[in-house]
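Okay, upload.txt now, which holds compact mmCIF, C-alpha atoms:
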# COMPACT_ATOMS: atom_id res chain seq x y z
CA MET B 1 5.16 14.54 41.54
CA GLY B 2 5.83 11.09 43.00
CA SER B 3 8.88 8.90 42.62
CA PHE B 4 9.80 7.39 39.28
CA SER B 5 8.53 3.97 40.40
CA ASP B 6 5.19 5.54 41.42
CA ARG B 7 4.82 6.87 37.90
CA ILE B 8 5.73 3.73 35.94
CA GLY B 9 4.98 0.96 38.46
CA MET B 10 7.16 -1.38 40.48
CA LEU B 11 8.69 -4.61 39.24
CA LEU B 12 7.04 -7.87 40.28
CA GLN B 13 9.18 -10.53 41.91
CA ASP B 14 6.75 -13.30 40.94
CA ASP B 15 6.75 -12.23 37.28
CA PRO B 16 8.62 -14.87 35.22
CA ALA B 17 9.97 -12.17 32.86
CA PRO B 18 13.58 -11.10 33.55
CA LEU B 19 13.90 -7.92 35.60
CA TYR B 20 15.51 -5.92 32.78
CA MET B 21 12.57 -6.79 30.51
CA GLN B 22 10.10 -5.75 33.20
CA LEU B 23 11.84 -2.39 33.64
CA GLN B 24 12.06 -1.95 29.88
CA LEU B 25 8.32 -2.70 29.54
CA ARG B 26 7.34 -0.30 32.35
CA ILE B 27 9.31 2.60 30.85
CA ARG B 28 8.12 1.85 27.31
CA GLN B 29 4.48 1.77 28.41
CA ALA B 30 4.87 4.99 30.40
CA ILE B 31 6.25 6.72 27.29
CA ARG B 32 3.39 5.44 25.13
CA ASP B 33 0.82 6.45 27.77
CA ARG B 34 2.51 9.89 27.94
CA GLU B 35 3.18 9.46 31.64
CA LEU B 36 6.75 10.25 30.64
CA LYS B 37 6.80 13.32 28.40
CA GLN B 38 8.94 13.97 25.36
CA ASP B 39 12.37 15.36 26.22
CA GLU B 40 11.90 14.48 29.92
CA ALA B 41 14.97 13.19 31.73
CA ILE B 42 14.83 9.75 33.33
CA PRO B 43 16.89 8.81 36.41
CA ALA B 44 20.48 7.71 35.95
CA GLU B 45 21.18 3.97 35.85
CA ARG B 46 22.55 4.06 39.41
CA GLU B 47 19.34 5.69 40.65
CA LEU B 48 17.17 3.24 38.71
CA ALA B 49 19.07 0.33 40.22
CA MET B 50 18.59 1.65 43.76
CA GLU B 51 14.90 2.51 43.33
CA PHE B 52 13.90 -0.78 41.72
CA GLY B 53 16.23 -3.02 43.72
CA VAL B 54 18.15 -4.32 40.70
CA SER B 55 21.78 -4.30 39.64
CA ARG B 56 23.22 -1.47 37.55
CA ILE B 57 23.83 -4.00 34.79
CA THR B 58 20.10 -4.78 34.77
CA ALA B 59 19.19 -1.09 34.65
CA ARG B 60 21.74 -0.43 31.91
CA ARG B 61 20.43 -3.33 29.84
CA ALA B 62 16.88 -1.96 29.96
CA VAL B 63 17.99 1.57 29.07
CA ASN B 64 20.23 0.33 26.24
CA ALA B 65 17.35 -1.61 24.71
CA LEU B 66 15.03 1.42 24.84
CA ALA B 67 17.75 3.64 23.34
CA ALA B 68 18.17 1.12 20.50
CA GLU B 69 14.40 1.35 19.89
CA GLY B 70 14.71 5.12 19.63
CA LEU B 71 12.48 5.73 22.67
CA LEU B 72 15.31 7.08 24.83
CA VAL B 73 18.20 9.34 23.79
CA ARG B 74 21.53 9.72 25.59
CA ARG B 75 23.06 13.19 25.59
CA ARG B 76 26.70 13.37 26.50
CA GLY B 77 27.20 15.17 29.78
CA ALA B 78 23.46 15.69 30.32
CA GLY B 79 21.84 12.28 30.86
CA THR B 80 19.15 10.15 29.27
CA PHE B 81 15.92 11.63 27.94
CA VAL B 82 12.65 10.52 26.40
CA ALA B 83 13.07 10.94 22.66
CA THR B 84 11.05 13.58 20.89
CA ARG B 85 9.14 12.70 17.75
CA VAL B 86 10.30 14.63 14.71
CA GLU B 87 7.59 16.72 13.06
CA LYS B 88 8.33 16.96 9.35
CA SER B 89 6.39 19.45 7.28
CA PHE B 90 5.40 18.52 3.75
CA ALA B 91 5.19 22.24 2.96
CA THR B 92 8.97 22.76 3.16
CA LEU B 93 11.62 21.12 0.99
CA SER B 94 14.43 20.60 3.48
CA SER B 95 17.14 18.01 4.01
CA PHE B 96 17.30 15.48 6.84
CA SER B 97 20.34 17.26 8.28
CA GLU B 98 18.51 20.60 8.28
CA ASP B 99 15.44 19.05 9.95
CA MET B 100 17.49 17.48 12.74
CA SER B 101 19.65 20.55 13.36
CA ALA B 102 16.55 22.77 13.54
CA ARG B 103 15.23 20.56 16.34
CA GLY B 104 18.43 20.58 18.36
CA ARG B 105 19.42 17.03 17.41
CA GLN B 106 22.75 15.93 16.00
CA PRO B 107 22.37 14.57 12.45
CA GLY B 108 24.62 11.84 11.15
CA SER B 109 24.92 9.28 8.36
CA LYS B 110 26.25 5.79 7.90
CA TRP B 111 27.11 5.24 4.27
CA LEU B 112 25.92 1.98 2.75
CA SER B 113 27.17 2.77 -0.76
CA ARG B 114 28.17 5.66 -3.06
CA THR B 115 28.46 4.72 -6.72
CA ILE B 116 28.29 6.05 -10.27
CA GLY B 117 26.74 4.06 -13.10
CA CYS B 118 24.43 4.05 -16.10
CA VAL B 119 20.82 4.97 -15.53
CA SER B 120 18.37 2.08 -15.14
CA PRO B 121 15.11 2.01 -17.13
CA GLU B 122 13.14 2.95 -14.00
CA GLU B 123 15.49 5.82 -13.18
CA ALA B 124 15.42 7.03 -16.79
CA LEU B 125 11.62 7.19 -16.66
CA SER B 126 11.61 9.02 -13.32
CA LEU B 127 14.36 11.51 -14.19
CA GLY B 128 13.68 11.97 -17.91
CA LEU B 129 17.11 10.68 -18.94
CA SER B 130 18.26 8.96 -22.10
CA PRO B 131 19.62 5.38 -21.98
CA GLY B 132 23.31 5.31 -21.07
CA ALA B 133 23.26 8.56 -19.08
CA ASP B 134 25.39 8.66 -15.92
CA VAL B 135 23.80 8.88 -12.48
CA TYR B 136 25.09 8.89 -8.93
CA ARG B 137 23.50 6.54 -6.40
CA PHE B 138 23.68 7.19 -2.67
CA GLN B 139 22.46 4.74 -0.04
CA ARG B 140 22.74 5.68 3.62
CA LEU B 141 21.35 5.21 7.08
CA ARG B 142 20.34 8.53 8.60
CA MET B 143 20.92 9.07 12.33
CA ALA B 144 19.83 11.57 14.96
CA ASP B 145 21.81 11.59 18.21
CA ASP B 146 23.28 8.24 17.07
CA VAL B 147 19.80 6.66 16.80
CA PRO B 148 18.83 5.17 13.39
CA MET B 149 15.92 7.18 12.01
CA ALA B 150 15.63 6.59 8.26
CA LEU B 151 17.04 4.87 5.20
CA GLU B 152 17.58 6.84 2.02
CA TYR B 153 18.17 5.50 -1.49
CA THR B 154 18.86 8.45 -3.79
CA THR B 155 19.68 8.75 -7.49
CA ILE B 156 21.13 12.05 -8.76
CA ILE B 157 21.62 13.08 -12.39
CA GLY B 158 25.34 12.86 -13.21
CA SER B 159 25.66 16.47 -14.42
CA CYS B 160 24.52 17.80 -11.04
CA LEU B 161 27.60 16.74 -9.05
CA PRO B 162 31.34 16.63 -9.85
CA GLY B 163 31.77 13.27 -8.08
CA VAL B 164 30.47 10.96 -5.35
CA ASP B 165 33.04 12.11 -2.78
CA VAL B 166 31.74 15.68 -2.64
CA VAL B 167 28.73 14.45 -0.64
CA THR B 168 29.61 14.23 3.05
CA ASP B 169 26.87 14.88 5.62
CA SER B 170 24.24 16.66 3.53
CA LEU B 171 23.40 15.76 -0.06
CA TYR B 172 21.38 18.95 -0.52
CA ALA B 173 24.34 21.04 0.67
CA ALA B 174 26.55 19.39 -1.96
CA LEU B 175 23.92 20.01 -4.65
CA GLU B 176 23.61 23.64 -3.55
CA ARG B 177 27.38 24.15 -3.87
CA ASN B 178 27.07 22.93 -7.46
CA GLY B 179 24.04 25.12 -8.19
CA CYS B 180 21.70 22.14 -8.46
CA ARG B 181 19.71 22.08 -5.22
CA PRO B 182 16.04 21.18 -5.83
CA VAL B 183 13.55 23.99 -5.26
CA ARG B 184 10.41 21.91 -5.77
CA ALA B 185 9.49 18.26 -5.17
CA LEU B 186 6.67 15.80 -5.64
CA GLN B 187 6.27 13.32 -2.79
CA ARG B 188 4.15 10.27 -2.19
CA LEU B 189 3.85 8.62 1.21
CA ARG B 190 2.40 5.32 2.33
CA ALA B 191 2.42 3.24 5.51
CA ILE B 192 4.36 -0.01 5.44
CA HIS B 193 5.64 -2.80 7.66
CA PHE B 194 9.41 -3.00 7.40
CA PRO B 195 10.80 -6.03 5.57
CA ALA B 196 13.81 -7.82 7.04
CA GLU B 197 16.57 -5.79 5.32
CA GLN B 198 15.24 -2.37 6.31
CA ALA B 199 14.24 -3.53 9.81
CA HIS B 200 17.76 -4.82 10.45
CA LEU B 201 19.40 -1.57 9.32
CA LEU B 202 17.00 0.55 11.40
CA SER B 203 17.37 -1.68 14.50
CA VAL B 204 13.65 -2.44 14.74
CA PRO B 205 11.74 -5.75 14.60
CA VAL B 206 10.68 -7.15 11.24
CA GLY B 207 7.17 -5.88 10.52
CA HIS B 208 7.71 -2.69 12.54
CA ALA B 209 5.44 0.16 11.39
CA GLY B 210 7.12 2.62 9.07
CA LEU B 211 6.61 5.21 6.36
CA PHE B 212 7.78 4.83 2.78
CA ILE B 213 8.28 8.07 0.85
CA GLU B 214 9.04 8.49 -2.84
CA ARG B 215 10.28 11.94 -3.87
CA ARG B 216 11.31 13.58 -7.13
CA GLY B 217 13.14 16.91 -6.84
CA PHE B 218 13.20 19.59 -9.56
CA LEU B 219 15.25 22.67 -10.37
CA ALA B 220 13.69 26.08 -10.92
CA ASP B 221 13.44 25.44 -14.68
CA GLY B 222 11.47 22.25 -14.06
CA SER B 223 14.35 19.87 -14.77
CA PRO B 224 14.43 16.79 -12.51
CA VAL B 225 17.54 16.36 -10.40
CA GLU B 226 16.86 13.64 -7.84
CA SER B 227 14.79 10.53 -7.24
CA THR B 228 14.71 9.32 -3.65
CA GLN B 229 13.08 6.43 -1.86
CA SER B 230 13.11 6.71 1.93
CA TYR B 231 12.06 4.46 4.80
CA TYR B 232 11.22 6.37 7.98
CA ARG B 233 10.58 4.86 11.40
CA GLY B 234 6.90 5.27 12.19
CA ASP B 235 7.58 5.59 15.92
CA ALA B 236 9.86 8.60 15.44
CA TYR B 237 8.19 10.77 12.80
CA ASP B 238 5.03 12.80 12.41
CA PHE B 239 4.41 14.22 8.94
CA VAL B 240 2.25 17.33 8.82
CA ALA B 241 0.85 19.48 6.03
CA GLU B 242 -0.92 22.82 6.09
CA LEU B 243 -4.25 22.74 4.26
CA ASN B 244 -6.10 25.77 2.96
CA ALA B 245 -9.66 26.02 1.73
CA PRO B 246 -9.99 26.94 -1.96
CA GLN B 247 -10.72 30.58 -2.72
CA VAL B 248 -14.36 31.15 -3.59
CA ASP B 249 -15.28 34.09 -5.78
CA LEU B 250 -18.45 35.77 -4.57
CA VAL B 251 -20.72 36.93 -7.36
CA SER B 252 -22.58 40.14 -6.67
CA ASP B 253 -26.22 40.55 -7.71
CA ASP B 254 -25.53 44.17 -8.62

Just give me the structure as structure tokens.
Amino acid sequence: MGSFSDRIGMLLQDDPAPLYMQLQLRIRQAIRDRELKQDEAIPAERELAMEFGVSRITARRAVNALAAEGLLVRRRGAGTFVATRVEKSFATLSSFSEDMSARGRQPGSKWLSRTIGCVSPEEALSLGLSPGADVYRFQRLRMADDVPMALEYTTIIGSCLPGVDVVTDSLYAALERNGCRPVRALQRLRAIHFPAEQAHLLSVPVGHAGLFIERRGFLADGSPVESTQSYYRGDAYDFVAELNAPQVDLVSDD
């Protein structure tokens, strides 16, 4: 295997673009072309600076920008790596925290709001509640290895939790402790371009490709418990589902 510059290309002195942008572009393109593989380590900033003839500040600026995009991930004490895309199965009802932990990534949340209030007409229709019923609303930015990955806007029926403060890292863990974790869900997914508010929170450009998911979760008796709207970064997630052919009964001529 050649040097890192052989793999991604050298910087051009006659290119009017700043050197950090050139380095950022070369690494980004190499990731998209799969010249740099998922979970592959890239050279340290000092090594990048030496190999490409730039300052460490220039190398750090390029790496910081790619980390903010979610294309690179810093791991304390280990280095900087090409981010892996998260493969989320539609066949399993699992929480964000469980998905990230199962893939060796550190889940985290930044709370935007945690409130209790009366159900709105839309929430009442989705959750089968009567007007005036109490609901909890949770809005948070979901992180993996300190990189913004998704936005979640969740409404929970008031009887399913003792209070907003019982939810820390995992909402499903809090629901499970109260005997109200969903066991079944209906989900709908569609591709979107992020509007300004969601793009800003997820640290991506306005119009960035994303996935919008609406989910309703149910208890074993069929009672609804949650209604969630989520915005997932399209450059970080792959959603997969297992499909099976329908069973065909063979009719014998005998």

Which residues of stretch 66-174 of chain B have any atom within 7 Å of an atom in stretch 39-51 of chain B when counting only C-alpha atoms, and what is the closest pair of atoms for each, with the distance in Å to one decimal? Order the rows by chain and rising number and write it as a Markdown table.
| residue | atom | partner | partner_atom | distance |
| --- | --- | --- | --- | --- |
| B:Gly79 | CA | B:Ala44 | CA | 7.0 |
| B:Thr80 | CA | B:Ala41 | CA | 5.7 |
| B:Phe81 | CA | B:Ala41 | CA | 4.2 |
| B:Val82 | CA | B:Asp39 | CA | 4.9 |
| B:Ala83 | CA | B:Asp39 | CA | 5.7 |
| B:Thr84 | CA | B:Asp39 | CA | 5.8 |

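Of note, atom CA of B:Ser3 and atom CA of B:Arg76 are spaced 24.4 Å apart.
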
I'd like the neighbourhood of B:Ile156 as a VMD selection string, where a residue qualifies if any of its atoms comes within 8 Å (using only C-alpha atoms), though same-chain residues fewer than 6 positions away should be ignored. chain B and resid 135 to 137 225 to 227

Around (11.1, 3.3, 2.8), as given in the file, which residues come within 12 Å? Count all atoms listed in the file and list them as JSON, numbers by chain. {"B": [139, 140, 141, 149, 150, 151, 152, 153, 154, 188, 189, 190, 191, 192, 193, 194, 195, 197, 198, 199, 201, 202, 208, 209, 210, 211, 212, 213, 214, 215, 228, 229, 230, 231, 232, 233, 234]}

Restrict the selected residues to C-alpha atoms and save them as a PDB file, in the frame of the given file.
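File produced: again-v1.pdb:
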ATOM      1  CA  GLN B 139      22.460   4.740  -0.040  1.00  0.00           C
ATOM      2  CA  ARG B 140      22.740   5.680   3.620  1.00  0.00           C
ATOM      3  CA  LEU B 141      21.350   5.210   7.080  1.00  0.00           C
ATOM      4  CA  MET B 149      15.920   7.180  12.010  1.00  0.00           C
ATOM      5  CA  ALA B 150      15.630   6.590   8.260  1.00  0.00           C
ATOM      6  CA  LEU B 151      17.040   4.870   5.200  1.00  0.00           C
ATOM      7  CA  GLU B 152      17.580   6.840   2.020  1.00  0.00           C
ATOM      8  CA  TYR B 153      18.170   5.500  -1.490  1.00  0.00           C
ATOM      9  CA  THR B 154      18.860   8.450  -3.790  1.00  0.00           C
ATOM     10  CA  ARG B 188       4.150  10.270  -2.190  1.00  0.00           C
ATOM     11  CA  LEU B 189       3.850   8.620   1.210  1.00  0.00           C
ATOM     12  CA  ARG B 190       2.400   5.320   2.330  1.00  0.00           C
ATOM     13  CA  ALA B 191       2.420   3.240   5.510  1.00  0.00           C
ATOM     14  CA  ILE B 192       4.360  -0.010   5.440  1.00  0.00           C
ATOM     15  CA  HIS B 193       5.640  -2.800   7.660  1.00  0.00           C
ATOM     16  CA  PHE B 194       9.410  -3.000   7.400  1.00  0.00           C
ATOM     17  CA  PRO B 195      10.800  -6.030   5.570  1.00  0.00           C
ATOM     18  CA  GLU B 197      16.570  -5.790   5.320  1.00  0.00           C
ATOM     19  CA  GLN B 198      15.240  -2.370   6.310  1.00  0.00           C
ATOM     20  CA  ALA B 199      14.240  -3.530   9.810  1.00  0.00           C
ATOM     21  CA  LEU B 201      19.400  -1.570   9.320  1.00  0.00           C
ATOM     22  CA  LEU B 202      17.000   0.550  11.400  1.00  0.00           C
ATOM     23  CA  HIS B 208       7.710  -2.690  12.540  1.00  0.00           C
ATOM     24  CA  ALA B 209       5.440   0.160  11.390  1.00  0.00           C
ATOM     25  CA  GLY B 210       7.120   2.620   9.070  1.00  0.00           C
ATOM     26  CA  LEU B 211       6.610   5.210   6.360  1.00  0.00           C
ATOM     27  CA  PHE B 212       7.780   4.830   2.780  1.00  0.00           C
ATOM     28  CA  ILE B 213       8.280   8.070   0.850  1.00  0.00           C
ATOM     29  CA  GLU B 214       9.040   8.490  -2.840  1.00  0.00           C
ATOM     30  CA  ARG B 215      10.280  11.940  -3.870  1.00  0.00           C
ATOM     31  CA  THR B 228      14.710   9.320  -3.650  1.00  0.00           C
ATOM     32  CA  GLN B 229      13.080   6.430  -1.860  1.00  0.00           C
ATOM     33  CA  SER B 230      13.110   6.710   1.930  1.00  0.00           C
ATOM     34  CA  TYR B 231      12.060   4.460   4.800  1.00  0.00           C
ATOM     35  CA  TYR B 232      11.220   6.370   7.980  1.00  0.00           C
ATOM     36  CA  ARG B 233      10.580   4.860  11.400  1.00  0.00           C
ATOM     37  CA  GLY B 234       6.900   5.270  12.190  1.00  0.00           C
TER      38      GLY B 234
END

Which residues are close to stretch 163-175 of chain B, i.e. within 12 Å by all atoms listed in the file, leaving aside same-chain residues fewer than 5 positions away? Reply as a PyMOL selection string. chain B and resi 93-101+106-111+113-117+134-143+152-158+180-183+217-219+225-226+228

Dump C-alpha atoms for the selected residues as a PDB file, in the frame of the given file?
ATOM      1  CA  LEU B  93      11.620  21.120   0.990  1.00  0.00           C
ATOM      2  CA  SER B  94      14.430  20.600   3.480  1.00  0.00           C
ATOM      3  CA  SER B  95      17.140  18.010   4.010  1.00  0.00           C
ATOM      4  CA  PHE B  96      17.300  15.480   6.840  1.00  0.00           C
ATOM      5  CA  SER B  97      20.340  17.260   8.280  1.00  0.00           C
ATOM      6  CA  GLU B  98      18.510  20.600   8.280  1.00  0.00           C
ATOM      7  CA  ASP B  99      15.440  19.050   9.950  1.00  0.00           C
ATOM      8  CA  MET B 100      17.490  17.480  12.740  1.00  0.00           C
ATOM      9  CA  SER B 101      19.650  20.550  13.360  1.00  0.00           C
ATOM     10  CA  GLN B 106      22.750  15.930  16.000  1.00  0.00           C
ATOM     11  CA  PRO B 107      22.370  14.570  12.450  1.00  0.00           C
ATOM     12  CA  GLY B 108      24.620  11.840  11.150  1.00  0.00           C
ATOM     13  CA  SER B 109      24.920   9.280   8.360  1.00  0.00           C
ATOM     14  CA  LYS B 110      26.250   5.790   7.900  1.00  0.00           C
ATOM     15  CA  TRP B 111      27.110   5.240   4.270  1.00  0.00           C
ATOM     16  CA  SER B 113      27.170   2.770  -0.760  1.00  0.00           C
ATOM     17  CA  ARG B 114      28.170   5.660  -3.060  1.00  0.00           C
ATOM     18  CA  THR B 115      28.460   4.720  -6.720  1.00  0.00           C
ATOM     19  CA  ILE B 116      28.290   6.050 -10.270  1.00  0.00           C
ATOM     20  CA  GLY B 117      26.740   4.060 -13.100  1.00  0.00           C
ATOM     21  CA  ASP B 134      25.390   8.660 -15.920  1.00  0.00           C
ATOM     22  CA  VAL B 135      23.800   8.880 -12.480  1.00  0.00           C
ATOM     23  CA  TYR B 136      25.090   8.890  -8.930  1.00  0.00           C
ATOM     24  CA  ARG B 137      23.500   6.540  -6.400  1.00  0.00           C
ATOM     25  CA  PHE B 138      23.680   7.190  -2.670  1.00  0.00           C
ATOM     26  CA  GLN B 139      22.460   4.740  -0.040  1.00  0.00           C
ATOM     27  CA  ARG B 140      22.740   5.680   3.620  1.00  0.00           C
ATOM     28  CA  LEU B 141      21.350   5.210   7.080  1.00  0.00           C
ATOM     29  CA  ARG B 142      20.340   8.530   8.600  1.00  0.00           C
ATOM     30  CA  MET B 143      20.920   9.070  12.330  1.00  0.00           C
ATOM     31  CA  GLU B 152      17.580   6.840   2.020  1.00  0.00           C
ATOM     32  CA  TYR B 153      18.170   5.500  -1.490  1.00  0.00           C
ATOM     33  CA  THR B 154      18.860   8.450  -3.790  1.00  0.00           C
ATOM     34  CA  THR B 155      19.680   8.750  -7.490  1.00  0.00           C
ATOM     35  CA  ILE B 156      21.130  12.050  -8.760  1.00  0.00           C
ATOM     36  CA  ILE B 157      21.620  13.080 -12.390  1.00  0.00           C
ATOM     37  CA  GLY B 158      25.340  12.860 -13.210  1.00  0.00           C
ATOM     38  CA  CYS B 180      21.700  22.140  -8.460  1.00  0.00           C
ATOM     39  CA  ARG B 181      19.710  22.080  -5.220  1.00  0.00           C
ATOM     40  CA  PRO B 182      16.040  21.180  -5.830  1.00  0.00           C
ATOM     41  CA  VAL B 183      13.550  23.990  -5.260  1.00  0.00           C
ATOM     42  CA  GLY B 217      13.140  16.910  -6.840  1.00  0.00           C
ATOM     43  CA  PHE B 218      13.200  19.590  -9.560  1.00  0.00           C
ATOM     44  CA  LEU B 219      15.250  22.670 -10.370  1.00  0.00           C
ATOM     45  CA  VAL B 225      17.540  16.360 -10.400  1.00  0.00           C
ATOM     46  CA  GLU B 226      16.860  13.640  -7.840  1.00  0.00           C
ATOM     47  CA  THR B 228      14.710   9.320  -3.650  1.00  0.00           C
TER      48      THR B 228
END

Work out how far apart atom CA of B:Gln187 and atom CA of B:Ala124 are and give it in Å to one decimal. 17.9 Å

Mind running stretch 115-181 of chain B against stretch 52-69 of chain B at 10 Å and telling me each contacting residue's nearest atom pair with the distance in Å (one decimal), counting all atoms listed in the file, chain and number ascending, as CSV?
residue,atom,partner,partner_atom,distance
B:Asp146,CA,B:Ala68,CA,9.4
B:Val147,CA,B:Ala68,CA,6.9
B:Pro148,CA,B:Ala68,CA,8.2
B:Met149,CA,B:Glu69,CA,9.9

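Of the residues listed (B:Ser159, B:Gln22, B:Ser5, B:Ser89), B:Ser89 shows the shortest atom-to-atom separation from B:Asp238; distances use only C-alpha atoms.
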
Around all of stretch 22-38 of chain B's listed atoms, make the axis-aligned box with 3 Å on each side and tell me centre and edge lengths in Å to one decimal, as lines of an AutoDock Vina configuration file.
center_x = 6.4
center_y = 4.1
center_z = 29.4
size_x = 17.2
size_y = 25.7
size_z = 14.5

Correct to one decimal, the distance atom CA of B:Ala144-atom CA of B:Arg105 is 6.0 Å

Which of these, B:Gly132, B:Pro16, B:Pro205, B:Pro224, has the shortest distance to B:Cys118 once you count only C-alpha atoms?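 Result for the nearest residue to B:Cys118: B:Gly132.
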
Residues within 12 Å of B:Asp6, all atoms listed in the file, excluding chain neighbours under 6 positions, as JSON, numbers by chain: {"B": [26, 27, 30, 35, 36, 51, 52]}
